[in-house]
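run16.txt follows (compact mmCIF, C-alpha atoms):
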```
# COMPACT_ATOMS: atom_id res chain seq x y z
CA MET A 2 9.20 30.99 -27.99
CA LYS A 3 6.01 28.97 -27.44
CA ILE A 4 6.13 25.22 -26.81
CA LEU A 5 3.16 22.88 -27.13
CA SER A 6 3.71 19.94 -24.76
CA ILE A 7 2.05 16.53 -24.48
CA GLU A 8 2.10 13.96 -21.65
CA THR A 9 0.58 10.45 -21.82
CA SER A 10 2.99 8.26 -19.85
CA CYS A 11 0.38 6.63 -17.62
CA ASP A 12 -3.23 7.51 -16.79
CA GLU A 13 -3.24 11.30 -17.22
CA THR A 14 -3.75 12.87 -20.63
CA ALA A 15 -2.27 16.37 -20.63
CA VAL A 16 -1.61 19.15 -23.13
CA ALA A 17 -0.11 22.58 -22.39
CA VAL A 18 1.31 25.64 -24.11
CA ILE A 19 4.24 27.38 -22.41
CA GLU A 20 5.77 30.69 -23.44
CA CYS A 21 9.51 30.61 -22.71
CA SER A 22 12.34 33.13 -22.87
CA GLY A 23 15.88 33.64 -21.63
CA GLU A 24 18.91 31.39 -21.48
CA PHE A 25 20.04 28.76 -18.95
CA GLU A 26 21.15 31.35 -16.43
CA ASN A 27 17.80 33.12 -16.00
CA PRO A 28 14.93 31.72 -18.07
CA SER A 29 11.31 32.73 -17.53
CA PHE A 30 8.06 30.97 -18.32
CA LYS A 31 4.38 31.77 -18.73
CA ILE A 32 1.65 29.13 -18.83
CA LEU A 33 -0.69 30.11 -21.65
CA GLY A 34 -2.86 27.01 -21.63
CA ASN A 35 -3.03 23.84 -19.56
CA SER A 36 -5.49 20.94 -19.88
CA LEU A 37 -5.50 17.59 -18.09
CA LEU A 38 -7.82 14.61 -17.79
CA SER A 39 -7.25 11.86 -15.20
CA GLN A 40 -8.36 8.26 -15.77
CA ILE A 41 -8.32 7.25 -12.09
CA GLU A 42 -12.05 6.61 -11.92
CA ILE A 43 -11.88 4.38 -15.00
CA HIS A 44 -9.04 2.21 -13.65
CA LYS A 45 -10.33 1.85 -10.08
CA GLU A 46 -12.14 -1.42 -10.74
CA TYR A 47 -8.86 -2.99 -11.92
CA GLY A 48 -6.94 -1.92 -8.81
CA GLY A 49 -4.33 -0.26 -11.03
CA VAL A 50 -3.77 1.19 -14.47
CA PHE A 51 -4.85 -1.14 -17.29
CA PRO A 52 -2.47 -0.30 -20.21
CA SER A 53 -4.77 -0.99 -23.18
CA LEU A 54 -7.57 0.99 -21.55
CA ALA A 55 -5.18 3.88 -20.84
CA LYS A 56 -4.13 3.84 -24.51
CA ARG A 57 -7.76 4.01 -25.66
CA GLU A 58 -8.57 6.91 -23.35
CA HIS A 59 -5.52 8.89 -24.45
CA ALA A 60 -6.56 8.51 -28.10
CA LYS A 61 -10.05 9.70 -27.20
CA ASN A 62 -8.91 12.70 -25.14
CA LEU A 63 -5.94 14.20 -26.98
CA VAL A 64 -7.74 16.16 -29.68
CA PRO A 65 -10.35 17.75 -27.33
CA LEU A 66 -7.55 18.67 -24.92
CA LEU A 67 -5.46 20.14 -27.74
CA GLU A 68 -8.42 22.21 -28.91
CA ASN A 69 -9.14 23.42 -25.38
CA THR A 70 -5.50 24.32 -24.76
CA LEU A 71 -5.20 26.27 -28.00
CA LYS A 72 -8.32 28.23 -27.07
CA GLN A 73 -6.96 28.99 -23.59
CA SER A 74 -3.74 30.19 -25.22
CA SER A 75 -5.54 32.39 -27.79
CA LEU A 76 -3.89 30.27 -30.49
CA TYR A 77 -7.09 28.72 -31.84
CA LEU A 78 -7.79 30.59 -35.07
CA GLU A 79 -10.53 29.32 -37.35
CA ALA A 80 -9.41 29.12 -40.95
CA HIS A 81 -12.37 30.87 -42.56
CA LEU A 82 -12.13 33.81 -40.15
CA GLU A 83 -8.42 34.36 -40.80
CA ALA A 84 -8.24 33.61 -44.52
CA HIS A 85 -7.53 37.27 -45.30
CA LEU A 86 -4.29 37.15 -43.32
CA GLU A 87 -1.87 36.30 -46.11
CA ALA A 88 1.06 36.10 -43.72
CA ARG A 89 -0.43 33.09 -41.97
CA PRO A 90 0.19 29.64 -43.58
CA PRO A 91 -2.83 28.02 -45.25
CA SER A 92 -4.88 25.69 -43.10
CA LYS A 93 -5.63 23.12 -45.78
CA MET A 94 -3.30 20.14 -45.81
CA SER A 95 -1.93 18.57 -48.95
CA ASN A 96 -2.88 14.99 -49.74
CA LYS A 97 0.73 14.05 -49.06
CA LYS A 98 0.55 15.47 -45.53
CA ILE A 99 -2.80 13.81 -44.89
CA LYS A 100 -1.40 10.41 -45.88
CA GLU A 101 1.70 11.05 -43.79
CA ILE A 102 -0.17 11.72 -40.55
CA GLU A 103 -2.60 8.89 -41.30
CA LYS A 104 0.40 6.55 -41.46
CA ILE A 105 1.82 7.94 -38.21
CA LEU A 106 -1.50 7.45 -36.38
CA GLU A 107 -2.55 4.17 -37.98
CA ARG A 108 -2.35 2.24 -34.68
CA GLU A 109 -4.15 4.87 -32.59
CA HIS A 110 -7.82 4.04 -32.98
CA GLY A 111 -9.92 7.00 -34.13
CA LEU A 112 -7.19 9.57 -33.49
CA PHE A 113 -6.42 10.34 -37.14
CA GLU A 114 -10.04 11.15 -37.98
CA LYS A 115 -10.40 13.48 -34.97
CA LEU A 116 -7.12 15.25 -35.63
CA LYS A 117 -7.81 15.65 -39.35
CA GLU A 118 -11.15 17.26 -38.54
CA LEU A 119 -9.58 19.73 -36.12
CA LEU A 120 -6.67 20.60 -38.41
CA SER A 121 -9.04 21.29 -41.30
CA LYS A 122 -10.80 23.96 -39.21
CA ILE A 123 -7.84 25.93 -37.86
CA GLU A 124 -4.77 27.81 -38.98
CA ILE A 125 -1.34 26.63 -37.93
CA PRO A 126 -0.93 27.97 -34.38
CA GLU A 127 1.96 30.27 -33.61
CA ILE A 128 4.08 27.76 -31.70
CA ASN A 129 7.79 27.08 -32.16
CA ALA A 130 8.11 23.44 -31.10
CA VAL A 131 6.26 20.36 -29.85
CA ALA A 132 7.57 18.59 -26.72
CA VAL A 133 6.39 15.11 -25.74
CA THR A 134 7.10 12.43 -23.16
CA TYR A 135 8.67 9.35 -24.79
CA GLY A 136 9.51 7.43 -21.60
CA PRO A 137 9.56 5.98 -19.05
CA GLY A 138 5.99 4.79 -18.56
CA LEU A 139 3.46 2.38 -20.01
CA GLU A 140 4.54 1.84 -23.60
CA PRO A 141 1.01 1.60 -25.09
CA ALA A 142 0.16 4.92 -23.41
CA LEU A 143 3.46 6.55 -24.40
CA TRP A 144 3.02 5.60 -28.05
CA VAL A 145 -0.28 7.49 -28.34
CA GLY A 146 1.18 10.78 -27.17
CA LEU A 147 4.40 10.29 -29.12
CA ASN A 148 2.63 9.54 -32.39
CA PHE A 149 0.25 12.45 -31.82
CA ALA A 150 3.23 14.76 -31.33
CA LYS A 151 4.94 13.35 -34.43
CA ALA A 152 1.81 14.05 -36.48
CA LEU A 153 1.60 17.66 -35.25
CA SER A 154 5.32 18.17 -35.80
CA SER A 155 4.97 16.89 -39.34
CA VAL A 156 1.85 18.76 -40.41
CA TRP A 157 2.91 22.04 -38.77
CA ASN A 158 6.61 21.62 -39.66
CA LYS A 159 7.74 22.28 -36.07
CA PRO A 160 10.71 20.75 -34.19
CA LEU A 161 9.86 17.72 -32.05
CA ILE A 162 11.48 17.60 -28.60
CA PRO A 163 11.43 14.18 -26.86
CA ILE A 164 11.42 14.44 -23.06
CA ASN A 165 12.24 11.96 -20.31
CA HIS A 166 9.25 11.91 -17.96
CA MET A 167 11.50 11.88 -14.88
CA GLU A 168 13.33 14.96 -16.13
CA GLY A 169 9.90 16.57 -16.31
CA HIS A 170 9.37 15.82 -12.61
CA ILE A 171 12.69 17.50 -11.82
CA PHE A 172 11.52 20.66 -13.54
CA SER A 173 8.03 20.43 -11.99
CA VAL A 174 9.38 22.07 -8.83
CA LEU A 175 9.75 25.32 -10.77
CA MET A 176 5.99 25.79 -11.21
CA HIS A 177 3.92 28.13 -9.06
CA ARG A 178 0.26 28.97 -8.65
CA LYS A 179 0.77 32.06 -10.77
CA ASN A 180 1.09 31.47 -14.47
CA GLU A 181 4.38 33.36 -14.68
CA PHE A 182 7.60 32.25 -13.02
CA GLN A 183 11.37 32.50 -13.32
CA ILE A 184 14.34 30.28 -12.60
CA SER A 185 17.18 32.03 -10.80
CA ASN A 186 19.70 31.79 -7.96
CA PHE A 187 19.87 28.00 -7.90
CA GLN A 188 23.08 26.46 -6.67
CA PHE A 189 24.71 23.27 -7.89
CA PRO A 190 25.23 20.49 -7.14
CA MET A 191 21.61 19.51 -6.56
CA ILE A 192 20.15 16.28 -5.23
CA ALA A 193 16.79 15.20 -6.64
CA LEU A 194 14.64 12.54 -4.98
CA LEU A 195 12.07 11.28 -7.48
CA ILE A 196 9.26 9.27 -5.91
CA SER A 197 6.30 7.96 -7.88
CA GLY A 198 4.25 4.87 -8.57
CA GLY A 199 7.01 3.40 -10.71
CA HIS A 200 10.19 5.10 -9.51
CA THR A 201 12.28 5.81 -6.45
CA GLU A 202 15.56 7.43 -7.45
CA LEU A 203 18.20 9.72 -6.00
CA ILE A 204 19.77 11.87 -8.71
CA LEU A 205 22.91 13.98 -8.52
CA ILE A 206 22.48 17.05 -10.74
CA LYS A 207 25.85 18.64 -11.46
CA ASP A 208 24.42 21.24 -13.84
CA TRP A 209 21.23 21.67 -15.87
CA LEU A 210 20.58 18.47 -17.85
CA ASN A 211 23.62 16.76 -16.32
CA TYR A 212 22.37 13.80 -14.28
CA GLU A 213 23.83 10.85 -12.42
CA ILE A 214 21.62 8.25 -10.73
CA ILE A 215 23.29 7.59 -7.37
CA GLY A 216 20.53 5.49 -5.80
CA GLN A 217 17.37 3.66 -6.79
CA THR A 218 14.92 1.06 -5.57
CA ARG A 219 15.98 -2.55 -5.93
CA ASP A 220 12.39 -3.78 -6.05
CA ASP A 221 9.15 -1.89 -5.39
CA ALA A 222 8.88 1.85 -5.91
CA VAL A 223 7.44 3.97 -3.08
CA GLY A 224 4.10 4.57 -4.78
CA GLU A 225 3.82 0.90 -5.69
CA ALA A 226 4.40 -0.10 -2.05
CA PHE A 227 1.72 2.34 -0.87
CA ASP A 228 -0.80 0.86 -3.32
CA LYS A 229 0.00 -2.74 -2.37
CA VAL A 230 -0.28 -2.08 1.37
CA ALA A 231 -3.54 -0.24 0.76
CA ARG A 232 -4.87 -3.28 -1.08
CA MET A 233 -3.93 -5.49 1.90
CA LEU A 234 -5.96 -3.19 4.13
CA GLY A 235 -8.95 -3.27 1.81
CA LEU A 236 -8.54 0.34 0.68
CA PRO A 237 -9.47 1.60 -2.79
CA TYR A 238 -7.07 2.42 -5.62
CA PRO A 239 -5.03 4.59 -5.72
CA GLY A 240 -3.94 3.58 -2.23
CA GLY A 241 -1.45 6.31 -1.35
CA PRO A 242 -3.94 9.05 -0.41
CA HIS A 243 -6.02 6.58 1.66
CA ILE A 244 -2.95 5.35 3.57
CA SER A 245 -1.97 8.96 4.23
CA THR A 246 -5.44 9.88 5.48
CA LEU A 247 -5.58 6.94 7.92
CA ALA A 248 -2.03 7.63 9.12
CA GLU A 249 -2.89 11.24 9.86
CA MET A 250 -6.01 10.18 11.76
CA SER A 251 -3.87 7.83 13.85
CA ARG A 252 -1.38 10.58 14.66
CA LYS A 253 -4.14 12.87 15.84
CA GLU A 254 -5.75 10.16 17.95
CA TYR A 255 -2.53 9.17 19.70
CA LEU A 256 -0.97 12.59 20.11
CA ARG A 257 -0.45 13.01 23.82
CA SER A 258 -1.68 16.21 25.33
CA SER A 259 1.41 16.53 27.57
CA ALA A 260 4.06 15.89 24.89
CA SER A 261 4.64 16.18 21.18
CA ASN A 262 5.71 12.54 20.72
CA LEU A 263 3.36 9.87 19.50
CA ARG A 264 2.73 6.63 21.35
CA LYS A 265 4.92 3.86 19.97
CA SER A 266 3.03 1.73 17.47
CA ALA A 267 2.04 -1.82 18.38
CA PHE A 268 2.85 -2.79 14.78
CA GLN A 269 6.56 -2.06 14.52
CA LEU A 270 7.88 -2.38 10.96
CA PRO A 271 11.47 -2.53 9.63
CA ARG A 272 13.26 0.35 7.92
CA PRO A 273 14.87 -1.58 5.00
CA MET A 274 18.42 -0.62 4.02
CA ILE A 275 18.34 2.47 6.23
CA ASN A 276 21.87 1.75 7.47
CA SER A 277 23.38 0.53 4.21
CA ASP A 278 26.43 2.33 2.84
CA ASP A 279 24.82 3.07 -0.53
CA PHE A 280 21.86 5.21 -1.60
CA ASP A 281 19.63 2.37 -2.82
CA PHE A 282 16.16 1.59 -1.51
CA SER A 283 14.09 -1.55 -0.95
CA PHE A 284 10.40 -1.51 -0.09
CA SER A 285 9.37 -5.07 -0.95
CA GLY A 286 10.37 -6.39 2.47
CA LEU A 287 8.50 -3.59 4.22
CA LYS A 288 5.38 -4.49 2.26
CA THR A 289 5.84 -8.18 3.14
CA SER A 290 6.19 -7.33 6.85
CA VAL A 291 2.79 -5.64 6.71
CA LEU A 292 1.32 -8.75 5.10
CA TYR A 293 2.73 -11.06 7.82
CA LYS A 294 1.36 -8.85 10.60
CA ILE A 295 -2.07 -8.75 9.00
CA LYS A 296 -2.15 -12.55 8.65
CA LYS A 297 -1.58 -12.94 12.39
CA LEU A 298 -4.60 -10.79 13.24
CA PRO A 299 -7.99 -12.45 13.79
CA LYS A 300 -9.71 -9.28 12.62
CA ILE A 301 -8.61 -5.99 11.09
CA THR A 302 -10.52 -3.20 12.77
CA ASP A 303 -10.61 0.41 11.61
CA GLY A 304 -8.29 1.27 14.48
CA ILE A 305 -5.76 -1.35 13.40
CA LYS A 306 -5.90 -0.08 9.82
CA LYS A 307 -5.07 3.42 11.01
CA GLU A 308 -2.15 2.27 13.13
CA ILE A 309 -0.66 0.05 10.42
CA ALA A 310 -1.02 2.91 7.94
CA ARG A 311 0.81 5.27 10.30
CA GLU A 312 3.65 2.85 11.02
CA PHE A 313 4.04 2.01 7.33
CA GLU A 314 4.12 5.67 6.31
CA ASP A 315 6.57 6.50 9.10
CA ALA A 316 8.87 3.68 7.99
CA VAL A 317 8.86 4.94 4.39
CA VAL A 318 9.55 8.51 5.49
CA ASP A 319 12.39 7.44 7.78
CA VAL A 320 14.15 5.62 4.95
CA LEU A 321 13.66 8.43 2.42
CA ILE A 322 14.96 11.04 4.86
CA SER A 323 17.97 8.97 5.93
CA LYS A 324 19.14 8.18 2.40
CA THR A 325 18.59 11.70 1.12
CA LYS A 326 20.36 13.28 4.09
CA LYS A 327 23.43 11.10 3.48
CA ALA A 328 23.44 12.03 -0.22
CA LEU A 329 23.22 15.74 0.59
CA GLN A 330 26.17 15.44 2.95
CA LYS A 331 28.36 13.34 0.67
CA TYR A 332 27.97 15.59 -2.35
CA ASN A 333 27.78 18.86 -0.39
CA ALA A 334 24.55 19.68 -2.24
CA LYS A 335 23.10 23.17 -2.01
CA THR A 336 19.67 22.39 -3.43
CA LEU A 337 17.23 19.54 -2.78
CA ILE A 338 14.48 18.71 -5.27
CA ILE A 339 11.64 16.35 -4.36
CA GLY A 340 9.49 15.40 -7.36
CA GLY A 341 6.95 12.81 -8.50
CA GLY A 342 3.39 11.92 -7.59
CA VAL A 343 4.17 10.62 -4.09
CA VAL A 344 5.46 14.06 -3.05
CA ALA A 345 1.79 15.04 -2.67
CA ASN A 346 1.97 13.03 0.59
CA LYS A 347 1.71 15.58 3.44
CA GLN A 348 3.95 13.66 5.85
CA ILE A 349 6.74 13.38 3.29
CA ARG A 350 6.56 17.09 2.51
CA LEU A 351 6.58 17.95 6.21
CA ALA A 352 9.51 15.63 6.95
CA PHE A 353 11.71 17.15 4.25
CA SER A 354 10.74 20.68 5.24
CA ASN A 355 11.83 19.85 8.80
CA LEU A 356 15.07 18.30 7.54
CA VAL A 357 16.05 21.47 5.69
CA SER A 358 14.92 23.82 8.47
CA LYS A 359 17.22 22.05 10.95
CA THR A 360 20.27 22.40 8.71
CA PRO A 361 22.91 24.76 10.19
CA SER A 362 22.82 28.23 8.64
CA ASP A 363 26.31 27.85 7.15
CA GLU A 364 25.15 24.66 5.37
CA LYS A 365 21.75 25.98 4.32
CA ILE A 366 19.96 23.91 1.68
CA GLN A 367 17.28 25.20 -0.66
CA LEU A 368 14.27 22.85 -0.79
CA LEU A 369 12.25 22.79 -4.01
CA LEU A 370 8.87 21.03 -3.91
CA PRO A 371 6.14 21.09 -6.55
CA GLU A 372 2.78 22.32 -5.42
CA SER A 373 0.57 19.39 -4.43
CA SER A 374 -1.83 20.03 -7.30
CA LEU A 375 1.07 19.92 -9.76
CA SER A 376 3.00 16.96 -8.37
CA THR A 377 1.07 14.52 -10.54
CA ASP A 378 1.86 13.92 -14.22
CA ASN A 379 1.24 17.07 -16.27
CA ALA A 380 2.24 18.66 -19.56
CA VAL A 381 3.56 21.93 -18.08
CA MET A 382 6.62 20.18 -16.65
CA ILE A 383 7.21 18.54 -20.03
CA GLY A 384 7.10 21.95 -21.71
CA ILE A 385 9.62 23.44 -19.29
CA ALA A 386 11.99 20.50 -19.73
CA GLY A 387 11.41 20.84 -23.47
CA TYR A 388 12.65 24.42 -23.44
CA PHE A 389 15.89 23.46 -21.71
CA ARG A 390 16.40 20.62 -24.20
CA PHE A 391 15.66 22.98 -27.09
CA LEU A 392 18.24 25.48 -25.85
CA LYS A 393 20.85 22.74 -25.69
CA GLU A 394 20.08 20.70 -28.81
CA LYS A 395 18.01 22.83 -31.23
CA LYS A 396 16.93 19.81 -33.29
CA SER A 397 15.10 20.04 -36.62
CA PRO A 398 11.66 18.40 -37.17
CA ASN A 399 13.12 15.36 -38.95
CA ASP A 400 15.79 14.50 -36.38
CA PHE A 401 13.37 12.40 -34.33
CA LYS A 402 11.32 10.86 -37.13
CA ASN A 403 12.22 7.33 -36.01
CA LEU A 404 11.89 8.04 -32.28
CA SER A 405 10.33 5.17 -30.30
CA ALA A 406 8.48 5.04 -26.99
CA GLN A 407 10.73 3.62 -24.26
CA GLY A 408 8.92 2.25 -21.23
CA ASN A 409 12.14 1.71 -19.24
CA LEU A 410 13.94 4.91 -20.25
CA ARG A 411 16.49 6.18 -17.73
CA LEU A 412 17.88 9.63 -17.10
```
How would this structure read if it were set down as C-alpha cells?
Amino acid sequence: MKILSIETSCDETAVAVIECSGEFENPSFKILGNSLLSQIEIHKEYGGVFPSLAKREHAKNLVPLLENTLKQSSLYLEAHLEAHLEARPPSKMSNKKIKEIEKILEREHGLFEKLKELLSKIEIPEINAVAVTYGPGLEPALWVGLNFAKALSSVWNKPLIPINHMEGHIFSVLMHRKNEFQISNFQFPMIALLISGGHTELILIKDWLNYEIIGQTRDDAVGEAFDKVARMLGLPYPGGPHISTLAEMSRKEYLRSSASNLRKSAFQLPRPMINSDDFDFSFSGLKTSVLYKIKKLPKITDGIKKEIAREFEDAVVDVLISKTKKALQKYNAKTLIIGGGVVANKQIRLAFSNLVSKTPSDEKIQLLLPESSLSTDNAVMIGIAGYFRFLKEKKSPNDFKNLSAQGNLRL
C-alpha cells in the first residue's frame, strides 16, 4: 500500500509518500517521494518558533510540497492527459465536495484556494491512506496539517491515520540513506530515549505500539535547555548546533597530547537528578547554574563561551547516559532507540555508541539511531508510523472526522 504523510507540528512543513508492505513481523518500506521546508531562517529574529507565523508558513507551503511529492512519486497525473483512462476516478469534484473541503479549511488562510486549484488539475493519486501528525506540538501549526489531511481524506475518500509525533520519532530510527529498507530481527523489550526541543522522555516499548513512559523531564526539555543556554552566551537560534560546535572546539583545544582525558573545566556544573532512584530528568537547574556563573564574570570571552558550552554539553550527556543505562538494566532491554531532533548532536551520538560498545557480549544491546539528516521532524517517519497504525486499526475515512489537534498529546 502507499501512504501519503503530512507533518506540521512545529517549524518544518513536510509531505512524503511511502510504499509499505508486509506485516508486523517483517515489514518493508520504500520512500517514493519526500519534500520538506524548514522555517528556521524565518523564526531566527524571534529567538524561537512564533506559532502564528509557523501556521501561516505551513498554509503557504503544503500545496507546493504536495505537488512536488506527487511528482517525485510518479503519482501526479494531469486530468486532461489521463481522461481516456476510464478505470481512474474523475478529477472533477462535486459542488458538495468543494463545499466540504472549504468548510474544513476555512481557518487556514489561502489554503482552500490553492488546494482546489491543484485538485482540479490532477486525477486522484493511487494512494491507500493519508497519515498526519495530530500532536504533540504547537496547536496552530498542528491544525493546518490536520485540516489539510482531513480535506484530502474527504475529497479522495481515503482513510485518515492520526499519528503521535513522538511515535514518529521512535520509527525514525528505521530510515536509511537508501530509499528502501526493512524492519527485522528487533528484540523486545526496547527502551526509547526521545530528546527534542519540547520533550525528554524514556519510553519502555514492550511490543510494537505498546508504550509506557517510565521517565520524563520535570521542567525544561533537553533542546529547550540548549537554546536557553545558547541565548545566555549570545549565540543565534537554534542554539543547540552552536553549543555543540563550541563544545567540540573546546575539546580539541584542551585535549592533552600525552593522554586522552580532557583538562577539568573551570566552570563545573551540576548533573541534576543523576543519582535519583527514578528515571526523570531536570534541566532547569543546570540552565540556572550557567546563568549564575555568567553573572559572576566581568567579561565573557570566546574562550569562556567554548568552555561553558563544553561543560554544559558534558553535563547533559552524563545525565542522559546515566538514566538510560539504569533503565536498560532494570528492564533487561535488548534494543535502545534514541530519537528526536537533539540526537543530531555528535557528542550524544558518540556517548551512546560508546555505552553500547562497552556492554558485555552476553548482554549485547542493539542501538538504533536515525541518520543526522533525518533526526529532525519529517513526514517519512509519520508515514512509517502510519503503516503500523493502519495494520492494527484499519480505520475508515469517517472514523476521525472530529479529530482535534492536541498540543500536549502523550504516547
Point to revise | All residues 9 Å or closer to region 205-218 of chain A, all atoms listed in the file, same chain fewer than 3 positions away omitted, as a list in words | key: Phe25, Glu168, Gln188, Phe189, Pro190, Met191, Ile192, Ala193, His200, Thr201, Glu202, Asp221, Ala222, Val223, Asp279, Phe280, Asp281, Phe282, Ser283, Phe284, Lys324, Ala328, Tyr332, Ala334, Phe389, Arg390, Lys393, Arg411 and Leu412 of chain A
Based on the selection just made, write C-alpha atoms of those residues as a PDB file, in the coordinates of the input.
```
ATOM      1  CA  PHE A  25      20.040  28.760 -18.950  1.00  0.00           C
ATOM      2  CA  GLU A 168      13.330  14.960 -16.130  1.00  0.00           C
ATOM      3  CA  GLN A 188      23.080  26.460  -6.670  1.00  0.00           C
ATOM      4  CA  PHE A 189      24.710  23.270  -7.890  1.00  0.00           C
ATOM      5  CA  PRO A 190      25.230  20.490  -7.140  1.00  0.00           C
ATOM      6  CA  MET A 191      21.610  19.510  -6.560  1.00  0.00           C
ATOM      7  CA  ILE A 192      20.150  16.280  -5.230  1.00  0.00           C
ATOM      8  CA  ALA A 193      16.790  15.200  -6.640  1.00  0.00           C
ATOM      9  CA  HIS A 200      10.190   5.100  -9.510  1.00  0.00           C
ATOM     10  CA  THR A 201      12.280   5.810  -6.450  1.00  0.00           C
ATOM     11  CA  GLU A 202      15.560   7.430  -7.450  1.00  0.00           C
ATOM     12  CA  ASP A 221       9.150  -1.890  -5.390  1.00  0.00           C
ATOM     13  CA  ALA A 222       8.880   1.850  -5.910  1.00  0.00           C
ATOM     14  CA  VAL A 223       7.440   3.970  -3.080  1.00  0.00           C
ATOM     15  CA  ASP A 279      24.820   3.070  -0.530  1.00  0.00           C
ATOM     16  CA  PHE A 280      21.860   5.210  -1.600  1.00  0.00           C
ATOM     17  CA  ASP A 281      19.630   2.370  -2.820  1.00  0.00           C
ATOM     18  CA  PHE A 282      16.160   1.590  -1.510  1.00  0.00           C
ATOM     19  CA  SER A 283      14.090  -1.550  -0.950  1.00  0.00           C
ATOM     20  CA  PHE A 284      10.400  -1.510  -0.090  1.00  0.00           C
ATOM     21  CA  LYS A 324      19.140   8.180   2.400  1.00  0.00           C
ATOM     22  CA  ALA A 328      23.440  12.030  -0.220  1.00  0.00           C
ATOM     23  CA  TYR A 332      27.970  15.590  -2.350  1.00  0.00           C
ATOM     24  CA  ALA A 334      24.550  19.680  -2.240  1.00  0.00           C
ATOM     25  CA  PHE A 389      15.890  23.460 -21.710  1.00  0.00           C
ATOM     26  CA  ARG A 390      16.400  20.620 -24.200  1.00  0.00           C
ATOM     27  CA  LYS A 393      20.850  22.740 -25.690  1.00  0.00           C
ATOM     28  CA  ARG A 411      16.490   6.180 -17.730  1.00  0.00           C
ATOM     29  CA  LEU A 412      17.880   9.630 -17.100  1.00  0.00           C
TER      30      LEU A 412
END
```
**Study point:** Residue list as a PyMOL selection string for point (-4.5, 26.6, -27.6), cut-off 12 Å, all atoms listed in the file
**Key:** chain A and resi 3-6+16-20+32-36+64-79+123-128
Produce a file of the selected residues containing C-alpha atoms, as a PDB file, in the coordinates of the input.
```pdb
ATOM      1  CA  LYS A   3       6.010  28.970 -27.440  1.00  0.00           C
ATOM      2  CA  ILE A   4       6.130  25.220 -26.810  1.00  0.00           C
ATOM      3  CA  LEU A   5       3.160  22.880 -27.130  1.00  0.00           C
ATOM      4  CA  SER A   6       3.710  19.940 -24.760  1.00  0.00           C
ATOM      5  CA  VAL A  16      -1.610  19.150 -23.130  1.00  0.00           C
ATOM      6  CA  ALA A  17      -0.110  22.580 -22.390  1.00  0.00           C
ATOM      7  CA  VAL A  18       1.310  25.640 -24.110  1.00  0.00           C
ATOM      8  CA  ILE A  19       4.240  27.380 -22.410  1.00  0.00           C
ATOM      9  CA  GLU A  20       5.770  30.690 -23.440  1.00  0.00           C
ATOM     10  CA  ILE A  32       1.650  29.130 -18.830  1.00  0.00           C
ATOM     11  CA  LEU A  33      -0.690  30.110 -21.650  1.00  0.00           C
ATOM     12  CA  GLY A  34      -2.860  27.010 -21.630  1.00  0.00           C
ATOM     13  CA  ASN A  35      -3.030  23.840 -19.560  1.00  0.00           C
ATOM     14  CA  SER A  36      -5.490  20.940 -19.880  1.00  0.00           C
ATOM     15  CA  VAL A  64      -7.740  16.160 -29.680  1.00  0.00           C
ATOM     16  CA  PRO A  65     -10.350  17.750 -27.330  1.00  0.00           C
ATOM     17  CA  LEU A  66      -7.550  18.670 -24.920  1.00  0.00           C
ATOM     18  CA  LEU A  67      -5.460  20.140 -27.740  1.00  0.00           C
ATOM     19  CA  GLU A  68      -8.420  22.210 -28.910  1.00  0.00           C
ATOM     20  CA  ASN A  69      -9.140  23.420 -25.380  1.00  0.00           C
ATOM     21  CA  THR A  70      -5.500  24.320 -24.760  1.00  0.00           C
ATOM     22  CA  LEU A  71      -5.200  26.270 -28.000  1.00  0.00           C
ATOM     23  CA  LYS A  72      -8.320  28.230 -27.070  1.00  0.00           C
ATOM     24  CA  GLN A  73      -6.960  28.990 -23.590  1.00  0.00           C
ATOM     25  CA  SER A  74      -3.740  30.190 -25.220  1.00  0.00           C
ATOM     26  CA  SER A  75      -5.540  32.390 -27.790  1.00  0.00           C
ATOM     27  CA  LEU A  76      -3.890  30.270 -30.490  1.00  0.00           C
ATOM     28  CA  TYR A  77      -7.090  28.720 -31.840  1.00  0.00           C
ATOM     29  CA  LEU A  78      -7.790  30.590 -35.070  1.00  0.00           C
ATOM     30  CA  GLU A  79     -10.530  29.320 -37.350  1.00  0.00           C
ATOM     31  CA  ILE A 123      -7.840  25.930 -37.860  1.00  0.00           C
ATOM     32  CA  GLU A 124      -4.770  27.810 -38.980  1.00  0.00           C
ATOM     33  CA  ILE A 125      -1.340  26.630 -37.930  1.00  0.00           C
ATOM     34  CA  PRO A 126      -0.930  27.970 -34.380  1.00  0.00           C
ATOM     35  CA  GLU A 127       1.960  30.270 -33.610  1.00  0.00           C
ATOM     36  CA  ILE A 128       4.080  27.760 -31.700  1.00  0.00           C
TER      37      ILE A 128
END
```
**Study point:** Which of A:Leu369, A:Ala310, A:Ile171, A:Leu195 sits closest to Gly235 (chain A) [using all atoms listed in the file]
**Key:**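 Looking at the shortest contact to Gly235 (chain A), the residue is A:Ala310.
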Exercise for review: Choose the residue, out of A:Leu234, A:Ile385, A:Met167, A:Cys21, that has the smallest atom-to-atom separation from Thr302 (chain A); count only C-alpha atoms.
Suggested key: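 Among the listed residues, the smallest separation from Thr302 (chain A) belongs to A:Leu234.
Taking all atoms listed in the file into account, Ile196 (chain A) lies nearest to A:Gly342 out of the set A:Gly138, A:Pro163, A:Pro361, A:Gly342.
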Practice item. Considering only C-alpha atoms, return as number ranges by chain whatever protein or nucleic-acid residues lie within 9 Å of Ser22 (chain A), sequence-local ones (same chain, fewer than 4 positions apart) excluded. Key: A: 2-3, 27-30, 388
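CA of Gly224 (chain A) sits 21.7 Å away from CA of Ser277 (chain A).
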Check your understanding: Nearest to Ile295 (chain A) among A:Lys104, A:Arg232, A:His243, A:Lys347, with distances taken over only C-alpha atoms: which residue is it?
Key -> A:Arg232
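If you look at CA of Lys326 (chain A) and CA of Pro239 (chain A), they are 28.6 Å away from each other.
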Exercise for review: Show which residues sit within 8 Å of region 371-383 of chain A, as a ChimeraX atom specification. Count all atoms listed in the file, and ignore same-chain residues fewer than 4 positions away.
Suggested key: /A:6-8,13-19,32,35,37,132-134,164,166,169-170,172-178,339-345,387
Study note, to complete from the structure: note - CA of Arg252 (chain A) and CA of Leu194 (chain A) are separated by 25.4 Å
Practice item. Around the point (0.8, 10.4, -39.1), in the coordinates given by the file, pick out the residues reaching within 9 Å, counting all atoms listed in the file, and return them as a PyMOL selection string. Key: chain A and resi 98-107+113+148-149+151-153+155-156
